[in-house]
Amino acid sequence: MKQYRLGFLSSHGGSNMQAIIDACNSNELNMQPVIVISNNSKSQALIRAENEGISSYHLSSAKYPDIKELDNQIKEMLCKHKVDIVILAGYMKKIGDLTLKEFKNRILNIHPALLPTYGGKGLYGIRVHQAIIDNKELETGVTLHLVDGEYDHGRIINQIKIPVLKEDTPESLQKRVLANEHSFYVNTLKKISNREIIL
Ligand code: GRF
């Protein structure tokens with residue numbers, strides 16, 4: 001039996017999710033992906049889940065207009081699949097109180113900057129990298145943190161720094177940061193696994 005069962009929440013491409021699934025498949029991680037939930041019925045994340053034979057669900061406010069009910073559905077699905085750790089990978093929605101309470105200190109998010117700077121409402125996707133370039137920062141990075149009720153806010157558990165190059169555009173920076181995120185997410189999960197990082 002694997003050490004942890006993983007549940008993913010993703011709105012878009014899910015390239016971080018795929019990197020983690022690959023690491024599970026190759027036994028680099030002693031973990032098992034068991035469920036993928038997306039609020040976006042057309043997301044690449046749901047296609048990836050189907051390709052991998054992982055249970056996948058489209059749970060959104062279009063299906064559950066009552067925000068509490070949506071939160072409850074997400075929580076129930078994660079519980080039904082006996083998820084130990086919830087992995088957010090490009091999930092653009094806030095996590096509701098019921099899910100936060102049930103999975104306290106067991107929900108991780110990745111953010112493409114050095115939190116606590118360059119995070120929070122409105123700072124997502126290309127906007128993060130645009131702000132870094134606009135402010136002529138010499139350094140950016142990637143942050144993994146526990147999730148709480150505010151965007152990009154919970155306890156930081158791991159970070160890497162990445163230099164900003166003179167010739168960088170927001171797009172080139174975004175690409176280089178994302179390429180670093182994949183191994184960083186996997187390595188951080190390894191540290192959780194061997195208790196170098198305690199959640
Ligand atoms: C990543 O940049 C991540 O840091 C942010 O959203 C992006 C998701 O990319 N939270 P992907 O869906 O994993 O490809």
# chains A, B, ... in the order shown; residues from 1 in each chain; ligands from 1
>>> residues_around(residues="range 97-101 of chain A", least_positions_apart="4", cutoff="10 Å", atoms="only C-alpha atoms", output="MDAnalysis selection string")
chainID A and resid 68:76 78:79 86 105:107 147:149
>>> residues_around(residues="Ser172 in chain A", least_positions_apart="6", cutoff="12 Å", atoms="only C-alpha atoms", output="number ranges by chain")
A: 126, 129-130, 133, 164-166, 178-179
>>> write_last_selection(atoms="N, CA and C atoms", output="mmCIF file, in the first residue's frame")
data_model
loop_
_atom_site.group_PDB
_atom_site.id
_atom_site.type_symbol
_atom_site.label_atom_id
_atom_site.label_comp_id
_atom_site.auth_asym_id
_atom_site.auth_seq_id
_atom_site.Cartn_x
_atom_site.Cartn_y
_atom_site.Cartn_z
ATOM 1 N N ILE A 126 -0.068 35.111 -15.770
ATOM 2 C CA ILE A 126 0.917 36.016 -16.374
ATOM 3 C C ILE A 126 1.038 37.326 -15.594
ATOM 4 N N HIS A 129 4.065 37.504 -13.293
ATOM 5 C CA HIS A 129 5.363 37.693 -13.958
ATOM 6 C C HIS A 129 5.465 39.105 -14.546
ATOM 7 N N GLN A 130 4.336 39.629 -15.001
ATOM 8 C CA GLN A 130 4.301 41.017 -15.495
ATOM 9 C C GLN A 130 4.699 41.983 -14.371
ATOM 10 N N ILE A 133 8.448 41.856 -13.635
ATOM 11 C CA ILE A 133 9.224 42.567 -14.667
ATOM 12 C C ILE A 133 9.025 44.085 -14.497
ATOM 13 N N VAL A 164 15.790 36.509 -12.322
ATOM 14 C CA VAL A 164 15.117 37.149 -13.462
ATOM 15 C C VAL A 164 16.239 37.638 -14.386
ATOM 16 N N LEU A 165 16.193 37.280 -15.659
ATOM 17 C CA LEU A 165 17.252 37.662 -16.595
ATOM 18 C C LEU A 165 16.924 39.000 -17.236
ATOM 19 N N LYS A 166 17.970 39.705 -17.661
ATOM 20 C CA LYS A 166 17.787 41.039 -18.254
ATOM 21 C C LYS A 166 16.841 41.006 -19.441
ATOM 22 N N LEU A 178 7.536 27.927 -14.577
ATOM 23 C CA LEU A 178 6.683 26.720 -14.625
ATOM 24 C C LEU A 178 7.543 25.459 -14.795
ATOM 25 N N ALA A 179 8.595 25.561 -15.620
ATOM 26 C CA ALA A 179 9.467 24.393 -15.827
ATOM 27 C C ALA A 179 10.125 23.977 -14.512
#
>>> residues_around(residues="Glu150 in chain A", least_positions_apart="6", cutoff="10 Å", atoms="only C-alpha atoms", output="NGL selection string")
:A and (94-95 or 120-121)
>>> residues_around(residues="range 50-64 of chain A", least_positions_apart="3", cutoff="6 Å", atoms="only C-alpha atoms", output="PDB file with N, CA, C and O atoms, in the first residue's frame")
ATOM      1  N   VAL A  34      -5.639   9.501  -6.621  1.00  0.00           N
ATOM      2  CA  VAL A  34      -6.905   8.773  -6.602  1.00  0.00           C
ATOM      3  C   VAL A  34      -8.092   9.563  -7.161  1.00  0.00           C
ATOM      4  O   VAL A  34      -9.116   8.974  -7.512  1.00  0.00           O
ATOM      5  N   ILE A  35      -7.962  10.875  -7.232  1.00  0.00           N
ATOM      6  CA  ILE A  35      -9.103  11.656  -7.743  1.00  0.00           C
ATOM      7  C   ILE A  35      -8.616  13.009  -8.284  1.00  0.00           C
ATOM      8  O   ILE A  35      -7.687  13.609  -7.725  1.00  0.00           O
ATOM      9  N   VAL A  36      -9.253  13.439  -9.377  1.00  0.00           N
ATOM     10  CA  VAL A  36      -9.002  14.777  -9.926  1.00  0.00           C
ATOM     11  C   VAL A  36     -10.346  15.497  -9.997  1.00  0.00           C
ATOM     12  O   VAL A  36     -11.327  14.952 -10.535  1.00  0.00           O
ATOM     13  N   ILE A  37     -10.394  16.701  -9.443  1.00  0.00           N
ATOM     14  CA  ILE A  37     -11.605  17.520  -9.506  1.00  0.00           C
ATOM     15  C   ILE A  37     -11.261  18.809 -10.238  1.00  0.00           C
ATOM     16  O   ILE A  37     -10.225  19.423  -9.969  1.00  0.00           O
ATOM     17  N   SER A  38     -12.111  19.200 -11.173  1.00  0.00           N
ATOM     18  CA  SER A  38     -11.912  20.483 -11.839  1.00  0.00           C
ATOM     19  C   SER A  38     -13.228  21.245 -11.893  1.00  0.00           C
ATOM     20  O   SER A  38     -14.298  20.654 -12.061  1.00  0.00           O
ATOM     21  N   ASN A  39     -13.132  22.557 -11.771  1.00  0.00           N
ATOM     22  CA  ASN A  39     -14.312  23.415 -11.924  1.00  0.00           C
ATOM     23  C   ASN A  39     -14.558  23.714 -13.402  1.00  0.00           C
ATOM     24  O   ASN A  39     -15.569  24.313 -13.749  1.00  0.00           O
ATOM     25  N   SER A  41     -15.046  22.130 -17.055  1.00  0.00           N
ATOM     26  CA  SER A  41     -15.357  20.853 -17.720  1.00  0.00           C
ATOM     27  C   SER A  41     -14.458  20.591 -18.918  1.00  0.00           C
ATOM     28  O   SER A  41     -14.300  19.468 -19.354  1.00  0.00           O
ATOM     29  N   ILE A  47      -8.827  15.722 -18.851  1.00  0.00           N
ATOM     30  CA  ILE A  47      -8.375  14.825 -19.932  1.00  0.00           C
ATOM     31  C   ILE A  47      -7.192  13.984 -19.437  1.00  0.00           C
ATOM     32  O   ILE A  47      -7.129  12.774 -19.656  1.00  0.00           O
ATOM     33  N   LEU A  70     -21.532  23.315  -2.998  1.00  0.00           N
ATOM     34  CA  LEU A  70     -20.368  22.982  -3.821  1.00  0.00           C
ATOM     35  C   LEU A  70     -19.195  22.565  -2.922  1.00  0.00           C
ATOM     36  O   LEU A  70     -18.547  21.538  -3.171  1.00  0.00           O
TER      37      LEU A  70
END
>>> residues_near_ligand(ligand="ligand 1", cutoff="6 Å", atoms="only C-alpha atoms and all ligand atoms", output="number ranges by chain")
A: 12-17, 89-90, 110-112, 178
>>> write_last_selection(atoms="N, CA, C and O atoms", output="compact mmCIF listing (two decimals), in the first residue's frame")
# COMPACT_ATOMS: atom_id res chain seq x y z
N HIS A 12 -7.03 24.24 -14.97
CA HIS A 12 -6.51 24.40 -16.33
C HIS A 12 -5.71 23.20 -16.80
O HIS A 12 -6.17 22.08 -16.80
N GLY A 13 -4.43 23.52 -17.13
CA GLY A 13 -3.58 22.55 -17.82
C GLY A 13 -3.18 21.35 -17.00
O GLY A 13 -3.10 20.23 -17.51
N GLY A 14 -2.91 21.60 -15.73
CA GLY A 14 -2.52 20.49 -14.88
C GLY A 14 -1.14 19.93 -15.17
O GLY A 14 -0.90 18.74 -14.97
N SER A 15 -0.20 20.78 -15.63
CA SER A 15 1.14 20.24 -15.92
C SER A 15 1.86 19.86 -14.62
O SER A 15 2.62 18.89 -14.59
N ASN A 16 1.60 20.60 -13.54
CA ASN A 16 2.15 20.20 -12.24
C ASN A 16 1.54 18.87 -11.80
O ASN A 16 2.24 17.99 -11.29
N MET A 17 0.24 18.76 -11.98
CA MET A 17 -0.45 17.52 -11.63
C MET A 17 0.15 16.34 -12.39
O MET A 17 0.44 15.29 -11.81
N ALA A 89 -3.25 22.53 -8.06
CA ALA A 89 -2.32 22.74 -9.17
C ALA A 89 -3.04 23.60 -10.19
O ALA A 89 -3.81 23.09 -11.02
N GLY A 90 -2.84 24.91 -10.08
CA GLY A 90 -3.54 25.80 -10.99
C GLY A 90 -5.04 25.82 -10.72
O GLY A 90 -5.84 25.89 -11.65
N ILE A 110 0.69 25.60 -5.02
CA ILE A 110 1.94 26.11 -5.58
C ILE A 110 1.65 27.48 -6.17
O ILE A 110 0.60 27.70 -6.79
N HIS A 111 2.59 28.42 -5.94
CA HIS A 111 2.42 29.77 -6.47
C HIS A 111 3.72 30.19 -7.16
O HIS A 111 4.80 30.00 -6.60
N PRO A 112 3.61 30.82 -8.35
CA PRO A 112 4.82 31.08 -9.13
C PRO A 112 5.52 32.39 -8.76
O PRO A 112 5.80 33.22 -9.63
N LEU A 178 7.54 27.93 -14.58
CA LEU A 178 6.68 26.72 -14.62
C LEU A 178 7.54 25.46 -14.79
O LEU A 178 7.27 24.44 -14.16
>>> atom_distance(atom1="CA of Ile156 in chain A", atom2="CA of Gln44 in chain A")
27.6 Å
>>> select_by_dssp(residues="range 20-183 of chain A", states="alpha helix (DSSP H)", output="MDAnalysis selection string")
chainID A and resid 20:25 44:52 67:80 97:102 126:134 170:183
>>> select_by_dssp(residues="chain A", states="strand (DSSP E or B)", output="PyMOL selection string")
chain A and resi 4-9+31-38+55-58+85-88+107-111+139-146+156-163
>>> residues_around(residues="range 134-138 of chain A", least_positions_apart="5", cutoff="12 Å", atoms="only C-alpha atoms", output="PyMOL selection string")
chain A and resi 113-114+117-118+127-129+161-170+173
>>> closest_residue(among="A:Glu102, A:Leu146, A:Arg48, A:Glu28", to="Ser183 in chain A", atoms="only C-alpha atoms")
A:Glu28
>>> atom_distance(atom1="CA of Arg176 in chain A", atom2="CA of Thr143 in chain A")
14.5 Å
>>> atom_distance(atom1="CA of Leu46 in chain A", atom2="CA of Ser193 in chain A")
26.0 Å
>>> decode(residues="range 116-153 of chain A", atoms="N, CA and C atoms", output="PDB file, in the first residue's frame")
ATOM      1  N   PRO A 116       5.643  35.969   0.788  1.00  0.00           N
ATOM      2  CA  PRO A 116       4.338  36.642   0.737  1.00  0.00           C
ATOM      3  C   PRO A 116       4.258  37.768  -0.298  1.00  0.00           C
ATOM      4  N   THR A 117       5.294  38.011  -1.081  1.00  0.00           N
ATOM      5  CA  THR A 117       5.164  39.056  -2.107  1.00  0.00           C
ATOM      6  C   THR A 117       4.605  38.441  -3.397  1.00  0.00           C
ATOM      7  N   TYR A 118       3.999  39.285  -4.200  1.00  0.00           N
ATOM      8  CA  TYR A 118       3.460  38.886  -5.516  1.00  0.00           C
ATOM      9  C   TYR A 118       2.440  37.749  -5.428  1.00  0.00           C
ATOM     10  N   GLY A 119       1.561  37.843  -4.434  1.00  0.00           N
ATOM     11  CA  GLY A 119       0.470  36.872  -4.325  1.00  0.00           C
ATOM     12  C   GLY A 119      -0.801  37.574  -3.913  1.00  0.00           C
ATOM     13  N   GLY A 120      -1.863  36.801  -3.764  1.00  0.00           N
ATOM     14  CA  GLY A 120      -3.150  37.351  -3.334  1.00  0.00           C
ATOM     15  C   GLY A 120      -4.079  37.584  -4.504  1.00  0.00           C
ATOM     16  N   LYS A 121      -5.245  38.125  -4.173  1.00  0.00           N
ATOM     17  CA  LYS A 121      -6.297  38.298  -5.186  1.00  0.00           C
ATOM     18  C   LYS A 121      -5.776  39.092  -6.401  1.00  0.00           C
ATOM     19  N   GLY A 122      -6.039  38.585  -7.575  1.00  0.00           N
ATOM     20  CA  GLY A 122      -5.663  39.302  -8.797  1.00  0.00           C
ATOM     21  C   GLY A 122      -4.247  39.010  -9.270  1.00  0.00           C
ATOM     22  N   LEU A 123      -3.418  38.440  -8.393  1.00  0.00           N
ATOM     23  CA  LEU A 123      -2.046  38.133  -8.813  1.00  0.00           C
ATOM     24  C   LEU A 123      -1.944  36.638  -9.113  1.00  0.00           C
ATOM     25  N   TYR A 124      -2.267  36.306 -10.353  1.00  0.00           N
ATOM     26  CA  TYR A 124      -2.202  34.913 -10.790  1.00  0.00           C
ATOM     27  C   TYR A 124      -1.756  34.908 -12.253  1.00  0.00           C
ATOM     28  N   GLY A 125      -1.318  33.747 -12.709  1.00  0.00           N
ATOM     29  CA  GLY A 125      -0.933  33.589 -14.115  1.00  0.00           C
ATOM     30  C   GLY A 125       0.105  34.608 -14.555  1.00  0.00           C
ATOM     31  N   ILE A 126      -0.068  35.111 -15.770  1.00  0.00           N
ATOM     32  CA  ILE A 126       0.917  36.016 -16.374  1.00  0.00           C
ATOM     33  C   ILE A 126       1.038  37.326 -15.594  1.00  0.00           C
ATOM     34  N   ARG A 127      -0.022  37.690 -14.861  1.00  0.00           N
ATOM     35  CA  ARG A 127       0.007  38.958 -14.105  1.00  0.00           C
ATOM     36  C   ARG A 127       1.122  38.974 -13.066  1.00  0.00           C
ATOM     37  N   VAL A 128       1.407  37.811 -12.487  1.00  0.00           N
ATOM     38  CA  VAL A 128       2.470  37.726 -11.490  1.00  0.00           C
ATOM     39  C   VAL A 128       3.800  38.097 -12.142  1.00  0.00           C
ATOM     40  N   HIS A 129       4.065  37.504 -13.293  1.00  0.00           N
ATOM     41  CA  HIS A 129       5.363  37.693 -13.958  1.00  0.00           C
ATOM     42  C   HIS A 129       5.465  39.105 -14.546  1.00  0.00           C
ATOM     43  N   GLN A 130       4.336  39.629 -15.001  1.00  0.00           N
ATOM     44  CA  GLN A 130       4.301  41.017 -15.495  1.00  0.00           C
ATOM     45  C   GLN A 130       4.699  41.983 -14.371  1.00  0.00           C
ATOM     46  N   ALA A 131       4.153  41.746 -13.179  1.00  0.00           N
ATOM     47  CA  ALA A 131       4.450  42.624 -12.031  1.00  0.00           C
ATOM     48  C   ALA A 131       5.928  42.527 -11.649  1.00  0.00           C
ATOM     49  N   ILE A 132       6.478  41.340 -11.709  1.00  0.00           N
ATOM     50  CA  ILE A 132       7.900  41.134 -11.375  1.00  0.00           C
ATOM     51  C   ILE A 132       8.779  41.936 -12.353  1.00  0.00           C
ATOM     52  N   ILE A 133       8.448  41.856 -13.635  1.00  0.00           N
ATOM     53  CA  ILE A 133       9.224  42.567 -14.667  1.00  0.00           C
ATOM     54  C   ILE A 133       9.025  44.085 -14.497  1.00  0.00           C
ATOM     55  N   ASP A 134       7.768  44.515 -14.302  1.00  0.00           N
ATOM     56  CA  ASP A 134       7.480  45.945 -14.140  1.00  0.00           C
ATOM     57  C   ASP A 134       8.284  46.539 -12.986  1.00  0.00           C
ATOM     58  N   ASN A 135       8.435  45.757 -11.911  1.00  0.00           N
ATOM     59  CA  ASN A 135       9.143  46.265 -10.727  1.00  0.00           C
ATOM     60  C   ASN A 135      10.646  46.014 -10.793  1.00  0.00           C
ATOM     61  N   LYS A 136      11.114  45.530 -11.946  1.00  0.00           N
ATOM     62  CA  LYS A 136      12.558  45.304 -12.168  1.00  0.00           C
ATOM     63  C   LYS A 136      13.182  44.431 -11.081  1.00  0.00           C
ATOM     64  N   GLU A 137      12.446  43.420 -10.651  1.00  0.00           N
ATOM     65  CA  GLU A 137      12.992  42.492  -9.652  1.00  0.00           C
ATOM     66  C   GLU A 137      14.134  41.690 -10.281  1.00  0.00           C
ATOM     67  N   LEU A 138      15.134  41.368  -9.474  1.00  0.00           N
ATOM     68  CA  LEU A 138      16.263  40.572  -9.971  1.00  0.00           C
ATOM     69  C   LEU A 138      16.040  39.091  -9.694  1.00  0.00           C
ATOM     70  N   GLU A 139      15.051  38.827  -8.833  1.00  0.00           N
ATOM     71  CA  GLU A 139      14.841  37.457  -8.385  1.00  0.00           C
ATOM     72  C   GLU A 139      13.349  37.170  -8.239  1.00  0.00           C
ATOM     73  N   THR A 140      12.954  35.973  -8.614  1.00  0.00           N
ATOM     74  CA  THR A 140      11.588  35.525  -8.345  1.00  0.00           C
ATOM     75  C   THR A 140      11.705  34.098  -7.805  1.00  0.00           C
ATOM     76  N   GLY A 141      10.664  33.305  -7.940  1.00  0.00           N
ATOM     77  CA  GLY A 141      10.784  31.945  -7.429  1.00  0.00           C
ATOM     78  C   GLY A 141       9.469  31.217  -7.428  1.00  0.00           C
ATOM     79  N   VAL A 142       9.427  30.158  -6.636  1.00  0.00           N
ATOM     80  CA  VAL A 142       8.226  29.338  -6.516  1.00  0.00           C
ATOM     81  C   VAL A 142       7.999  29.052  -5.034  1.00  0.00           C
ATOM     82  N   THR A 143       6.751  29.085  -4.619  1.00  0.00           N
ATOM     83  CA  THR A 143       6.403  28.835  -3.215  1.00  0.00           C
ATOM     84  C   THR A 143       5.384  27.705  -3.116  1.00  0.00           C
ATOM     85  N   LEU A 144       5.638  26.797  -2.178  1.00  0.00           N
ATOM     86  CA  LEU A 144       4.601  25.821  -1.807  1.00  0.00           C
ATOM     87  C   LEU A 144       4.107  26.180  -0.415  1.00  0.00           C
ATOM     88  N   HIS A 145       2.805  26.259  -0.271  1.00  0.00           N
ATOM     89  CA  HIS A 145       2.258  26.656   1.027  1.00  0.00           C
ATOM     90  C   HIS A 145       1.001  25.868   1.355  1.00  0.00           C
ATOM     91  N   LEU A 146       0.679  25.833   2.643  1.00  0.00           N
ATOM     92  CA  LEU A 146      -0.591  25.231   3.063  1.00  0.00           C
ATOM     93  C   LEU A 146      -1.702  26.210   2.722  1.00  0.00           C
ATOM     94  N   VAL A 147      -2.877  25.676   2.464  1.00  0.00           N
ATOM     95  CA  VAL A 147      -3.986  26.532   2.035  1.00  0.00           C
ATOM     96  C   VAL A 147      -4.879  26.879   3.218  1.00  0.00           C
ATOM     97  N   ASP A 148      -5.217  28.174   3.306  1.00  0.00           N
ATOM     98  CA  ASP A 148      -6.235  28.608   4.273  1.00  0.00           C
ATOM     99  C   ASP A 148      -7.320  29.382   3.521  1.00  0.00           C
ATOM    100  N   GLY A 149      -8.098  30.155   4.242  1.00  0.00           N
ATOM    101  CA  GLY A 149      -9.259  30.811   3.623  1.00  0.00           C
ATOM    102  C   GLY A 149      -8.934  32.000   2.726  1.00  0.00           C
ATOM    103  N   GLU A 150      -7.665  32.406   2.668  1.00  0.00           N
ATOM    104  CA  GLU A 150      -7.293  33.553   1.824  1.00  0.00           C
ATOM    105  C   GLU A 150      -6.378  33.092   0.692  1.00  0.00           C
ATOM    106  N   TYR A 151      -6.440  33.806  -0.426  1.00  0.00           N
ATOM    107  CA  TYR A 151      -5.593  33.447  -1.564  1.00  0.00           C
ATOM    108  C   TYR A 151      -4.110  33.547  -1.206  1.00  0.00           C
ATOM    109  N   ASP A 152      -3.357  32.504  -1.516  1.00  0.00           N
ATOM    110  CA  ASP A 152      -1.878  32.509  -1.421  1.00  0.00           C
ATOM    111  C   ASP A 152      -1.384  32.908  -0.040  1.00  0.00           C
ATOM    112  N   HIS A 153      -2.033  32.411   1.010  1.00  0.00           N
ATOM    113  CA  HIS A 153      -1.813  32.975   2.335  1.00  0.00           C
ATOM    114  C   HIS A 153      -1.275  32.008   3.402  1.00  0.00           C
TER     115      HIS A 153
END
